[in-house]
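**Student:** Next comes final.csv, CSV, C-alpha atoms:
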chain,number,residue,atom,x,y,z
W,1,MET,CA,59.4,114.3,96.2
W,2,THR,CA,59.8,117.8,97.6
W,3,ASN,CA,57.2,120.5,97.2
W,4,ARG,CA,59.6,122.5,95.0
W,5,SER,CA,60.2,119.7,92.5
W,6,LEU,CA,56.5,119.0,92.3
W,7,LEU,CA,55.9,122.6,91.5
W,8,ALA,CA,58.5,122.5,88.8
W,9,LEU,CA,56.8,119.4,87.3
W,10,VAL,CA,53.4,121.1,87.2
W,11,LEU,CA,54.9,124.2,85.6
W,12,ALA,CA,56.7,122.1,83.0
W,13,ALA,CA,53.4,120.3,82.2
W,14,LEU,CA,51.6,123.7,81.9
W,15,ILE,CA,54.2,125.0,79.5
W,16,ASN,CA,54.0,121.9,77.4
W,17,CYS,CA,50.2,122.2,77.1
W,18,GLY,CA,50.6,125.9,76.2
W,19,LEU,CA,52.9,124.9,73.3
W,20,ALA,CA,50.6,122.2,72.1
W,21,ILE,CA,47.5,124.5,71.9
W,22,GLY,CA,49.6,127.5,70.8
W,23,PRO,CA,49.7,128.9,67.3
W,24,SER,CA,50.6,126.5,64.5
W,25,LEU,CA,54.2,126.4,63.6
W,26,ALA,CA,53.8,124.9,60.1
W,27,VAL,CA,53.0,128.2,58.4
W,28,GLN,CA,56.4,129.9,57.7
W,29,PRO,CA,56.8,133.7,57.9
W,30,ASP,CA,57.8,133.9,54.2
W,31,GLU,CA,54.6,132.3,53.1
W,32,MET,CA,52.4,134.9,54.8
W,33,LEU,CA,50.6,137.6,53.0
W,34,ASP,CA,51.3,141.3,53.8
W,35,ASP,CA,47.6,142.1,54.2
W,36,PRO,CA,46.7,140.8,57.6
W,37,GLN,CA,43.0,140.4,56.7
W,38,LEU,CA,43.8,138.3,53.6
W,39,GLU,CA,46.3,136.3,55.6
W,40,ALA,CA,43.6,135.6,58.2
W,41,THR,CA,41.2,134.4,55.5
W,42,ALA,CA,44.0,132.2,54.1
W,43,ARG,CA,44.5,130.7,57.6
W,44,HIS,CA,40.7,130.2,57.9
W,45,ILE,CA,40.6,128.4,54.6
W,46,SER,CA,43.7,126.3,55.0
W,47,LYS,CA,42.3,125.1,58.4
W,48,GLN,CA,39.4,123.5,56.6
W,49,LEU,CA,41.5,121.8,53.9
W,50,ARG,CA,43.2,118.4,54.5
W,51,CYS,CA,46.8,117.9,53.8
W,52,VAL,CA,46.7,115.2,51.0
W,53,VAL,CA,49.8,113.3,52.2
W,54,CYS,CA,49.4,113.3,56.0
W,55,GLN,CA,45.8,111.9,56.3
W,56,ASN,CA,44.4,113.9,59.2
W,57,GLN,CA,46.2,117.2,59.5
W,58,SER,CA,44.9,120.4,58.0
W,59,LEU,CA,47.0,122.3,55.5
W,60,ASP,CA,47.5,124.9,58.3
W,61,ASP,CA,49.1,122.3,60.6
W,62,SER,CA,51.2,120.3,58.2
W,63,ASP,CA,54.9,120.6,57.6
W,64,ALA,CA,54.7,118.5,54.4
W,65,GLY,CA,56.1,120.0,51.2
W,66,VAL,CA,52.9,119.5,49.3
W,67,ALA,CA,50.9,121.2,52.1
W,68,LYS,CA,53.1,124.2,51.8
W,69,ASP,CA,52.6,124.3,48.0
W,70,MET,CA,48.8,124.1,48.6
W,71,ARG,CA,49.0,126.9,51.3
W,72,LEU,CA,50.8,129.1,48.8
W,73,LYS,CA,48.2,128.3,46.2
W,74,VAL,CA,45.4,129.3,48.6
W,75,ARG,CA,47.2,132.7,49.0
W,76,GLU,CA,47.8,133.1,45.3
W,77,LEU,CA,44.1,132.6,44.6
W,78,LEU,CA,43.1,134.9,47.4
W,79,VAL,CA,45.4,137.7,46.0
W,80,GLN,CA,43.7,137.1,42.6
W,81,GLY,CA,40.5,138.0,44.3
W,82,GLN,CA,38.8,134.6,44.6
W,83,ASP,CA,36.5,133.9,47.5
W,84,GLU,CA,36.5,131.1,50.0
W,85,ALA,CA,34.0,128.9,48.2
W,86,SER,CA,35.8,129.1,44.9
W,87,ILE,CA,39.2,128.3,46.5
W,88,LYS,CA,37.7,125.3,48.2
W,89,GLN,CA,36.2,124.2,44.9
W,90,TYR,CA,39.6,124.6,43.2
W,91,PHE,CA,41.0,122.0,45.5
W,92,VAL,CA,37.9,119.7,45.4
W,93,ASP,CA,38.2,119.7,41.6
W,94,ARG,CA,41.8,118.4,41.9
W,95,TYR,CA,41.8,116.2,45.0
W,96,GLY,CA,38.1,115.4,45.4
W,97,ASP,CA,35.9,115.7,48.6
W,98,TYR,CA,38.7,114.1,50.5
W,99,VAL,CA,40.5,117.4,50.7
W,100,LEU,CA,37.7,118.9,52.8
W,101,LEU,CA,38.0,118.1,56.5
W,102,LYS,CA,34.3,118.4,56.9
W,103,PRO,CA,32.6,116.1,54.3
W,104,PRO,CA,29.7,117.6,52.4
W,105,PHE,CA,26.2,116.1,52.9
W,106,ASP,CA,25.3,114.1,49.7
W,107,TRP,CA,24.1,110.7,48.8
W,108,ARG,CA,27.4,109.0,49.4
W,109,THR,CA,27.8,110.5,52.9
W,110,ALA,CA,24.1,110.3,53.8
W,111,PRO,CA,24.6,107.0,55.7
W,112,LEU,CA,27.4,108.5,57.7
W,113,TRP,CA,25.2,111.4,58.9
W,114,LEU,CA,21.8,109.6,59.1
W,115,LEU,CA,22.6,106.1,60.3
W,116,PRO,CA,22.9,107.1,64.0
W,117,ILE,CA,19.6,108.8,63.9
W,118,ILE,CA,17.9,105.9,62.2
W,119,LEU,CA,19.4,103.4,64.6
W,120,LEU,CA,18.3,105.5,67.6
W,121,ALA,CA,14.7,105.6,66.1
W,122,ILE,CA,14.7,101.8,65.6
W,123,ALA,CA,15.9,101.2,69.2
W,124,GLY,CA,13.3,103.7,70.6
W,125,PHE,CA,10.5,102.0,68.6
W,126,GLY,CA,11.6,98.6,69.8
W,127,LEU,CA,11.8,99.7,73.4
W,128,ALA,CA,8.3,101.4,73.2
W,129,VAL,CA,6.8,98.2,71.7
W,130,ALA,CA,8.4,96.0,74.4
W,131,LEU,CA,7.4,98.2,77.3
W,132,ARG,CA,3.8,98.5,76.1
W,133,ARG,CA,3.6,94.7,75.7
W,134,ARG,CA,4.9,94.1,79.2
W,135,GLY,CA,2.5,96.6,80.7
W,136,ARG,CA,-0.5,95.0,79.0
W,137,GLY,CA,0.6,91.4,79.8
W,138,GLY,CA,1.1,92.2,83.5
W,139,ALA,CA,-2.6,93.2,83.8
W,140,GLN,CA,-3.8,90.1,82.0
W,141,GLN,CA,-1.7,87.4,83.3
W,142,GLY,CA,-1.5,88.1,87.0
W,143,PRO,CA,-3.6,85.8,89.3
W,144,ALA,CA,-7.3,86.7,89.6
W,145,PRO,CA,-8.2,88.5,92.9
W,146,LEU,CA,-9.8,86.4,95.7
W,147,ASP,CA,-13.6,86.5,95.9
W,148,ALA,CA,-15.5,87.1,99.2
W,149,SER,CA,-15.8,83.4,100.3
W,150,GLU,CA,-12.1,82.7,99.5
W,151,GLN,CA,-11.0,85.7,101.5
W,152,ALA,CA,-13.1,84.5,104.5
W,153,ARG,CA,-11.4,81.1,104.4
W,154,LEU,CA,-8.0,82.7,104.2
W,155,ASP,CA,-8.8,85.0,107.2
W,156,ALA,CA,-10.0,82.0,109.2
W,157,MET,CA,-6.8,80.0,108.4
W,158,LEU,CA,-4.6,82.9,109.4
W,159,GLN,CA,-6.5,83.3,112.7
W,160,GLU,CA,-6.2,79.6,113.5
W,161,ASP,CA,-2.4,79.8,113.0
W,162,SER,CA,-1.9,82.9,115.2
W,163,GLN,CA,-3.6,81.2,118.2
W,164,PRO,CA,-1.2,79.1,120.3
I,1,MET,CA,4.1,92.1,62.2
I,2,ASN,CA,5.4,89.7,64.9
I,3,ARG,CA,6.7,87.3,62.4
I,4,TRP,CA,8.6,90.1,60.7
I,5,LEU,CA,10.2,91.2,63.9
I,6,PHE,CA,11.4,87.7,64.5
I,7,PHE,CA,13.6,87.8,61.4
I,8,ALA,CA,14.8,91.4,62.0
I,9,PRO,CA,18.0,90.4,63.9
I,10,LEU,CA,18.9,88.0,61.1
I,11,ALA,CA,18.3,90.7,58.5
I,12,ILE,CA,20.5,93.2,60.4
I,13,PHE,CA,23.2,90.5,60.8
I,14,VAL,CA,23.2,89.9,57.0
I,15,VAL,CA,23.5,93.6,56.3
I,16,LEU,CA,26.4,93.8,58.8
I,17,LEU,CA,28.1,90.8,57.2
I,18,ALA,CA,27.9,92.5,53.8
I,19,VAL,CA,29.5,95.7,55.3
I,20,TRP,CA,32.3,93.6,56.9
I,21,ALA,CA,33.0,91.6,53.8
I,22,TRP,CA,33.3,94.9,51.9
I,23,GLY,CA,35.6,96.3,54.5
I,24,LEU,CA,37.8,93.1,54.5
I,25,ASN,CA,38.2,93.0,50.8
I,26,ASP,CA,42.0,93.3,50.4
I,27,LYS,CA,41.7,94.9,46.9
I,28,ARG,CA,40.1,97.9,48.5
I,29,ASP,CA,42.6,100.5,49.7
I,30,PRO,CA,41.0,102.8,52.2
I,31,ASN,CA,43.9,105.2,51.8
I,32,ALA,CA,43.5,105.4,48.0
I,33,LEU,CA,42.7,108.9,46.7
I,34,PRO,CA,41.0,108.4,43.4
I,35,SER,CA,42.1,110.8,40.7
I,36,GLN,CA,39.5,113.5,39.9
I,37,LEU,CA,40.9,113.6,36.3
I,38,ILE,CA,39.8,110.1,35.1
I,39,ASP,CA,38.1,110.5,31.7
I,40,LYS,CA,38.7,114.2,31.8
I,41,ALA,CA,41.0,116.2,29.6
I,42,MET,CA,44.4,116.6,31.1
I,43,PRO,CA,45.2,120.0,32.6
I,44,VAL,CA,46.7,122.6,30.2
I,45,PHE,CA,50.4,123.3,31.0
I,46,ALA,CA,53.7,124.2,29.5
I,47,LEU,CA,56.9,123.3,31.3
I,48,PRO,CA,60.5,124.3,30.6
I,49,ASP,CA,62.9,121.5,29.5
I,50,LEU,CA,65.6,119.9,31.6
I,51,ALA,CA,68.7,121.4,30.0
I,52,GLY,CA,71.3,118.8,29.2
I,53,SER,CA,69.0,115.8,29.3
I,54,GLY,CA,68.5,115.7,25.5
I,55,SER,CA,64.7,115.5,25.9
I,56,PRO,CA,62.7,118.5,24.6
I,57,SER,CA,60.4,120.4,26.9
I,58,LEU,CA,56.8,119.3,27.7
I,59,ALA,CA,53.6,121.1,27.1
I,60,THR,CA,50.0,120.0,26.6
I,61,SER,CA,50.3,121.1,22.9
I,62,ASP,CA,53.2,118.7,22.4
I,63,LEU,CA,51.0,115.8,23.5
I,64,ASP,CA,48.3,116.5,20.8
I,65,ASP,CA,49.8,113.7,18.6
I,66,GLY,CA,46.9,111.2,18.7
I,67,GLN,CA,49.0,108.6,20.5
I,68,VAL,CA,48.4,106.8,23.8
I,69,LYS,CA,51.1,108.0,26.2
I,70,LEU,CA,52.4,107.7,29.8
I,71,LEU,CA,53.0,110.7,32.0
I,72,ASN,CA,55.4,110.1,34.9
I,73,PHE,CA,56.1,112.4,37.8
I,74,PHE,CA,59.5,111.7,39.2
I,75,ALA,CA,62.2,113.3,41.4
I,76,SER,CA,65.8,112.5,42.1
I,77,TRP,CA,65.2,112.6,45.9
I,78,CYS,CA,62.5,109.9,45.6
I,79,VAL,CA,63.6,106.5,46.6
I,80,PRO,CA,60.6,104.6,45.1
I,81,CYS,CA,61.4,106.4,41.8
I,82,ARG,CA,64.8,104.7,41.7
I,83,ILE,CA,63.0,101.3,42.2
I,84,GLU,CA,60.6,102.2,39.4
I,85,HIS,CA,63.2,103.4,37.0
I,86,PRO,CA,64.3,100.1,35.4
I,87,HIS,CA,60.7,98.9,34.9
I,88,LEU,CA,59.8,102.2,33.3
I,89,THR,CA,62.7,102.0,31.0
I,90,THR,CA,61.8,98.5,29.9
I,91,LEU,CA,58.1,99.5,29.4
I,92,ALA,CA,59.1,102.5,27.2
I,93,LYS,CA,61.3,100.3,25.1
I,94,GLU,CA,59.3,97.1,24.8
I,95,ALA,CA,55.7,98.5,24.6
I,96,LYS,CA,56.8,101.3,22.1
I,97,LEU,CA,55.0,103.6,24.4
I,98,PRO,CA,56.0,107.3,24.6
I,99,VAL,CA,56.8,108.0,28.2
I,100,HIS,CA,57.0,111.6,29.2
I,101,GLY,CA,58.5,112.8,32.5
I,102,ILE,CA,57.8,115.6,34.8
I,103,ALA,CA,60.6,116.4,37.3
I,104,TRP,CA,58.6,117.3,40.3
I,105,LYS,CA,59.8,119.5,43.2
I,106,ASP,CA,63.3,118.8,42.2
I,107,LYS,CA,66.3,121.0,41.4
I,108,PRO,CA,67.0,120.7,37.6
I,109,GLU,CA,70.7,119.9,38.2
I,110,ASP,CA,69.8,117.1,40.6
I,111,ALA,CA,67.2,115.6,38.2
I,112,LEU,CA,69.8,115.8,35.4
I,113,ALA,CA,72.5,114.0,37.5
I,114,TRP,CA,69.9,111.4,38.4
I,115,LEU,CA,69.0,110.7,34.8
I,116,GLN,CA,72.7,110.7,33.7
I,117,ALA,CA,73.4,108.1,36.4
I,118,LEU,CA,70.4,105.8,35.7
I,119,GLY,CA,69.6,106.5,32.0
I,120,ASN,CA,66.9,108.7,30.5
I,121,PRO,CA,63.7,106.8,29.5
I,122,TYR,CA,61.7,109.9,28.8
I,123,THR,CA,60.7,111.2,25.3
I,124,ARG,CA,60.0,114.6,26.7
I,125,ILE,CA,60.7,116.1,30.1
I,126,GLY,CA,59.2,119.1,31.8
I,127,VAL,CA,60.6,120.7,35.0
I,128,ASP,CA,58.0,121.4,37.6
I,129,GLU,CA,60.3,122.6,40.3
I,130,PHE,CA,57.6,124.4,42.4
I,131,ASN,CA,54.6,121.9,42.0
I,132,LYS,CA,52.6,124.2,39.8
I,133,VAL,CA,51.5,121.5,37.3
I,134,GLY,CA,51.5,118.8,40.0
I,135,LEU,CA,48.7,120.6,41.8
I,136,ASP,CA,46.6,120.7,38.6
I,137,PHE,CA,47.1,116.9,38.2
I,138,GLY,CA,46.1,116.3,41.9
I,139,THR,CA,49.5,114.9,42.6
I,140,THR,CA,50.2,113.9,46.2
I,141,GLY,CA,53.8,112.6,45.7
I,142,VAL,CA,56.2,110.8,43.5
I,143,PRO,CA,56.3,108.6,41.6
I,144,GLU,CA,52.9,109.0,40.1
I,145,THR,CA,51.9,107.8,36.6
I,146,PHE,CA,49.1,108.9,34.3
I,147,ILE,CA,47.9,107.2,31.1
I,148,VAL,CA,46.6,109.7,28.6
I,149,ASP,CA,44.5,108.5,25.6
I,150,GLN,CA,44.6,109.7,21.9
I,151,GLN,CA,42.2,112.5,22.7
I,152,GLY,CA,44.3,113.8,25.5
I,153,ARG,CA,42.0,112.5,28.3
I,154,VAL,CA,43.5,111.0,31.5
I,155,ARG,CA,42.3,107.4,31.6
I,156,TYR,CA,44.3,106.0,34.5
I,157,ARG,CA,46.4,107.1,37.4
I,158,HIS,CA,48.8,105.1,39.5
I,159,GLN,CA,50.3,106.3,42.8
I,160,GLY,CA,53.6,104.8,43.8
I,161,PRO,CA,56.3,102.9,41.9
I,162,LEU,CA,55.4,100.9,38.8
I,163,ASP,CA,56.3,97.2,39.1
I,164,PRO,CA,56.2,94.3,36.6
I,165,LEU,CA,52.9,93.2,38.1
I,166,ILE,CA,51.1,96.5,37.6
I,167,ILE,CA,52.8,97.0,34.2
I,168,ASN,CA,51.8,93.6,32.9
I,169,GLU,CA,48.4,93.3,34.4
I,170,THR,CA,47.1,96.8,34.2
I,171,ILE,CA,49.2,99.3,32.2
I,172,ILE,CA,49.9,97.2,29.1
I,173,PRO,CA,46.3,95.7,28.7
I,174,LEU,CA,44.9,99.3,29.2
I,175,VAL,CA,47.2,100.7,26.6
I,176,LEU,CA,46.3,97.9,24.1
I,177,ALA,CA,42.6,98.5,24.8
I,178,LEU,CA,43.0,102.2,24.2
I,179,ARG,CA,44.8,101.6,20.9
I,180,ALA,CA,42.1,99.2,19.8
I,181,GLU,CA,39.4,101.7,20.8
I,182,GLU,CA,40.9,104.1,18.3
I,183,LYS,CA,41.0,101.7,15.4
I,184,SER,CA,37.4,100.4,15.8
Please express the file's structure as structure tokens.
**Tutor:**
Amino acid sequence: MTNRSLLALVLAALINCGLAIGPSLAVQPDEMLDDPQLEATARHISKQLRCVVCQNQSLDDSDAGVAKDMRLKVRELLVQGQDEASIKQYFVDRYGDYVLLKPPFDWRTAPLWLLPIILLAIAGFGLAVALRRRGRGGAQQGPAPLDASEQARLDAMLQEDSQP
Amino acid sequence: MNRWLFFAPLAIFVVLLAVWAWGLNDKRDPNALPSQLIDKAMPVFALPDLAGSGSPSLATSDLDDGQVKLLNFFASWCVPCRIEHPHLTTLAKEAKLPVHGIAWKDKPEDALAWLQALGNPYTRIGVDEFNKVGLDFGTTGVPETFIVDQQGRVRYRHQGPLDPLIINETIIPLVLALRAEEKS
């Protein structure tokens, strides 16, 4: 492969990445509000709401017809003067917590949020108990040190061995 | 303390088994989106009629007749609706159940042509071309069917086409139970 074609390949890859992380293409120009600030709020809200037919895309990313209807509803409610919280509530009332991309913390989602912490605590406790037991056991179970007469016999043996 | 720890792995395993058994249960659909309307009053709406269909228009006030009824979202572009259509027709006829239709995100002329080709099982029809009422019902697609009780409360929602199994094992028993509820 020549240097030039390699360069072309790298450039193509860069352009592709740029498109992938570029602005969302789902929101059509005719949906947008004239007021740029309200439109920005609408985009901010629809990024947090889940498209109900495409599982894991936000309203902002989805080309589905229902997602478009929901985006228009977000804008309609904004123009009526509703705030972010009440607009999200509007959709939760109709589609449930499912419609929120970030699930709220309540008794049903508590295991989801807390289980990793609880498991880590149990593992840490188990490790601490095991380590402490091993440390204590090592001091108790090791062979007793030699007393003076035993040491003298050992020294004598070693000396005998080292002489030819 | 030591004896307790000895049984801990077994206890954890039993808990995991329970979670796995729950996850493997084939009656559980992880993609199901339960309706938020169950046991609540149906949303207030008033939809224009489908001109030429012979069915009058559909509004909440029309449904205040103290009868159990079915509300069915359909569209001419929806293939599962075509599969559902004969079963819905049979159900309306044989169960003597008022079935009302909402033409969802569909051009009126297309919905009309569809009904003229396949037959019109609906007592009343409302046209919801721009998904205004669909949003209030938490509709995610078509076909979608709601059972509304005598007091105008939504009691059941089914997403996807009705088939004889669902009709005979769920819809009809529920309708009969709701009618009995009223009498007692």
**Student:** Mind checking which residues fall within 10 Å of region 37-45 of chain W, counting only C-alpha atoms, ignoring those fewer than 4 positions away in the same chain, and posting them as a list in words?
**Tutor:**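 That gives Val27, Glu31, Met32, Leu33, Leu49, Ser58, Leu59, Asp60, Arg71, Leu72, Lys73, Val74, Arg75, Glu76, Leu77, Leu78, Val79, Gly81, Asp83, Glu84, Ala85, Ile87 and Lys88 of chain W.
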**Student:** Please, which residues in chain I fall within 12 Å of chain W when counting all atoms listed in the file, and what is the closest atom pair and distance in Å to one decimal for each, ordered by chain then residue number, as JSON lines?
**Tutor:**
{"residue": "I:Met1", "atom": "CA", "partner": "W:Val129", "partner_atom": "CA", "distance": 11.6}
{"residue": "I:Asn2", "atom": "CA", "partner": "W:Val129", "partner_atom": "CA", "distance": 11.0}
{"residue": "I:Leu5", "atom": "CA", "partner": "W:Gly126", "partner_atom": "CA", "distance": 9.6}
{"residue": "I:Ala8", "atom": "CA", "partner": "W:Ile122", "partner_atom": "CA", "distance": 11.0}
{"residue": "I:Pro9", "atom": "CA", "partner": "W:Gly126", "partner_atom": "CA", "distance": 12.0}
{"residue": "I:Ile12", "atom": "CA", "partner": "W:Leu119", "partner_atom": "CA", "distance": 11.1}
{"residue": "I:Pro30", "atom": "CA", "partner": "W:Gln55", "partner_atom": "CA", "distance": 11.1}
{"residue": "I:Asn31", "atom": "CA", "partner": "W:Gln55", "partner_atom": "CA", "distance": 8.3}
{"residue": "I:Ala32", "atom": "CA", "partner": "W:Tyr98", "partner_atom": "CA", "distance": 10.2}
{"residue": "I:Leu33", "atom": "CA", "partner": "W:Tyr95", "partner_atom": "CA", "distance": 7.5}
{"residue": "I:Pro34", "atom": "CA", "partner": "W:Gly96", "partner_atom": "CA", "distance": 7.8}
{"residue": "I:Ser35", "atom": "CA", "partner": "W:Tyr95", "partner_atom": "CA", "distance": 6.9}
{"residue": "I:Gln36", "atom": "CA", "partner": "W:Arg94", "partner_atom": "CA", "distance": 5.8}
{"residue": "I:Leu37", "atom": "CA", "partner": "W:Arg94", "partner_atom": "CA", "distance": 7.4}
{"residue": "I:Ile38", "atom": "CA", "partner": "W:Arg94", "partner_atom": "CA", "distance": 10.9}
{"residue": "I:Lys40", "atom": "CA", "partner": "W:Asp93", "partner_atom": "CA", "distance": 11.2}
{"residue": "I:Met42", "atom": "CA", "partner": "W:Arg94", "partner_atom": "CA", "distance": 11.3}
{"residue": "I:Pro43", "atom": "CA", "partner": "W:Arg94", "partner_atom": "CA", "distance": 10.0}
{"residue": "I:Trp104", "atom": "CA", "partner": "W:Val66", "partner_atom": "CA", "distance": 10.9}
{"residue": "I:Lys105", "atom": "CA", "partner": "W:Gly65", "partner_atom": "CA", "distance": 8.8}
{"residue": "I:Asp106", "atom": "CA", "partner": "W:Gly65", "partner_atom": "CA", "distance": 11.6}
{"residue": "I:Glu129", "atom": "CA", "partner": "W:Asp69", "partner_atom": "CA", "distance": 11.0}
{"residue": "I:Phe130", "atom": "CA", "partner": "W:Asp69", "partner_atom": "CA", "distance": 7.5}
{"residue": "I:Asn131", "atom": "CA", "partner": "W:Asp69", "partner_atom": "CA", "distance": 6.8}
{"residue": "I:Lys132", "atom": "CA", "partner": "W:Asp69", "partner_atom": "CA", "distance": 8.2}
{"residue": "I:Val133", "atom": "CA", "partner": "W:Asp69", "partner_atom": "CA", "distance": 11.1}
{"residue": "I:Gly134", "atom": "CA", "partner": "W:Val66", "partner_atom": "CA", "distance": 9.4}
{"residue": "I:Leu135", "atom": "CA", "partner": "W:Arg94", "partner_atom": "CA", "distance": 7.2}
{"residue": "I:Asp136", "atom": "CA", "partner": "W:Arg94", "partner_atom": "CA", "distance": 6.3}
{"residue": "I:Phe137", "atom": "CA", "partner": "W:Arg94", "partner_atom": "CA", "distance": 6.6}
{"residue": "I:Gly138", "atom": "CA", "partner": "W:Arg94", "partner_atom": "CA", "distance": 4.8}
{"residue": "I:Thr139", "atom": "CA", "partner": "W:Tyr95", "partner_atom": "CA", "distance": 8.2}
{"residue": "I:Thr140", "atom": "CA", "partner": "W:Val53", "partner_atom": "CA", "distance": 6.0}
{"residue": "I:Gly141", "atom": "CA", "partner": "W:Val53", "partner_atom": "CA", "distance": 7.7}
{"residue": "I:Val142", "atom": "CA", "partner": "W:Val66", "partner_atom": "CA", "distance": 11.0}
{"residue": "I:Gln159", "atom": "CA", "partner": "W:Val53", "partner_atom": "CA", "distance": 11.7}
**Student:** One number please: CA of Ile125 (chain I) to CA of Ile172 (chain I), in Å, one decimal.
**Tutor:**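 We find that CA of Ile125 (chain I) and CA of Ile172 (chain I) lie 21.8 Å from each other.
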**Student:** Any idea what the distance is between CA of Ala41 (chain I) and CA of Leu101 (chain W)?
**Tutor:** 27.1 Å
**Student:** May I have the residues within 9 Å of region 44-61 of chain I as JSON, numbers by chain, using all atoms listed in the file and disregarding those fewer than 5 positions away in the same chain?
**Tutor:** {"I": [100, 101, 102, 103, 108, 109, 111, 112, 115, 116, 120, 122, 123, 124, 125, 126, 127, 128, 133, 136, 152]}
**Student:** Expressed in Å to a single decimal, how great is the separation between CA of Arg50 (chain W) and CA of Ala110 (chain W)?
**Tutor:** 20.8 Å
**Student:** Please, can region 69-80 of chain W be completed to N, CA, C and O atoms and returned as a PDB file, in the frame of the given file?
**Tutor:**
ATOM      1  N   ASP W  69      52.933 123.871  49.381  1.00  0.00           N
ATOM      2  CA  ASP W  69      52.600 124.300  48.000  1.00  0.00           C
ATOM      3  C   ASP W  69      51.086 124.669  47.968  1.00  0.00           C
ATOM      4  O   ASP W  69      50.695 125.631  47.309  1.00  0.00           O
ATOM      5  N   MET W  70      50.255 123.868  48.667  1.00  0.00           N
ATOM      6  CA  MET W  70      48.800 124.100  48.600  1.00  0.00           C
ATOM      7  C   MET W  70      48.477 125.408  49.410  1.00  0.00           C
ATOM      8  O   MET W  70      47.612 126.175  49.003  1.00  0.00           O
ATOM      9  N   ARG W  71      49.183 125.653  50.511  1.00  0.00           N
ATOM     10  CA  ARG W  71      49.000 126.900  51.300  1.00  0.00           C
ATOM     11  C   ARG W  71      49.310 128.104  50.383  1.00  0.00           C
ATOM     12  O   ARG W  71      48.602 129.106  50.356  1.00  0.00           O
ATOM     13  N   LEU W  72      50.430 127.981  49.644  1.00  0.00           N
ATOM     14  CA  LEU W  72      50.800 129.100  48.800  1.00  0.00           C
ATOM     15  C   LEU W  72      49.788 129.309  47.685  1.00  0.00           C
ATOM     16  O   LEU W  72      49.509 130.442  47.294  1.00  0.00           O
ATOM     17  N   LYS W  73      49.202 128.184  47.191  1.00  0.00           N
ATOM     18  CA  LYS W  73      48.200 128.300  46.200  1.00  0.00           C
ATOM     19  C   LYS W  73      46.933 129.011  46.705  1.00  0.00           C
ATOM     20  O   LYS W  73      46.340 129.847  46.018  1.00  0.00           O
ATOM     21  N   VAL W  74      46.547 128.665  47.956  1.00  0.00           N
ATOM     22  CA  VAL W  74      45.400 129.300  48.600  1.00  0.00           C
ATOM     23  C   VAL W  74      45.649 130.850  48.584  1.00  0.00           C
ATOM     24  O   VAL W  74      44.777 131.642  48.201  1.00  0.00           O
ATOM     25  N   ARG W  75      46.857 131.242  48.954  1.00  0.00           N
ATOM     26  CA  ARG W  75      47.200 132.700  49.000  1.00  0.00           C
ATOM     27  C   ARG W  75      47.214 133.309  47.643  1.00  0.00           C
ATOM     28  O   ARG W  75      46.734 134.424  47.449  1.00  0.00           O
ATOM     29  N   GLU W  76      47.759 132.550  46.684  1.00  0.00           N
ATOM     30  CA  GLU W  76      47.800 133.100  45.300  1.00  0.00           C
ATOM     31  C   GLU W  76      46.415 133.345  44.780  1.00  0.00           C
ATOM     32  O   GLU W  76      46.151 134.392  44.185  1.00  0.00           O
ATOM     33  N   LEU W  77      45.502 132.397  45.040  1.00  0.00           N
ATOM     34  CA  LEU W  77      44.100 132.600  44.600  1.00  0.00           C
ATOM     35  C   LEU W  77      43.421 133.696  45.277  1.00  0.00           C
ATOM     36  O   LEU W  77      42.634 134.447  44.680  1.00  0.00           O
ATOM     37  N   LEU W  78      43.726 133.855  46.581  1.00  0.00           N
ATOM     38  CA  LEU W  78      43.100 134.900  47.400  1.00  0.00           C
ATOM     39  C   LEU W  78      43.554 136.293  46.787  1.00  0.00           C
ATOM     40  O   LEU W  78      42.734 137.202  46.616  1.00  0.00           O
ATOM     41  N   VAL W  79      44.836 136.400  46.486  1.00  0.00           N
ATOM     42  CA  VAL W  79      45.400 137.700  46.000  1.00  0.00           C
ATOM     43  C   VAL W  79      44.713 137.957  44.597  1.00  0.00           C
ATOM     44  O   VAL W  79      44.458 139.106  44.251  1.00  0.00           O
ATOM     45  N   GLN W  80      44.402 136.873  43.846  1.00  0.00           N
ATOM     46  CA  GLN W  80      43.700 137.100  42.600  1.00  0.00           C
ATOM     47  C   GLN W  80      42.266 137.521  42.758  1.00  0.00           C
ATOM     48  O   GLN W  80      41.567 137.810  41.791  1.00  0.00           O
TER      49      GLN W  80
END
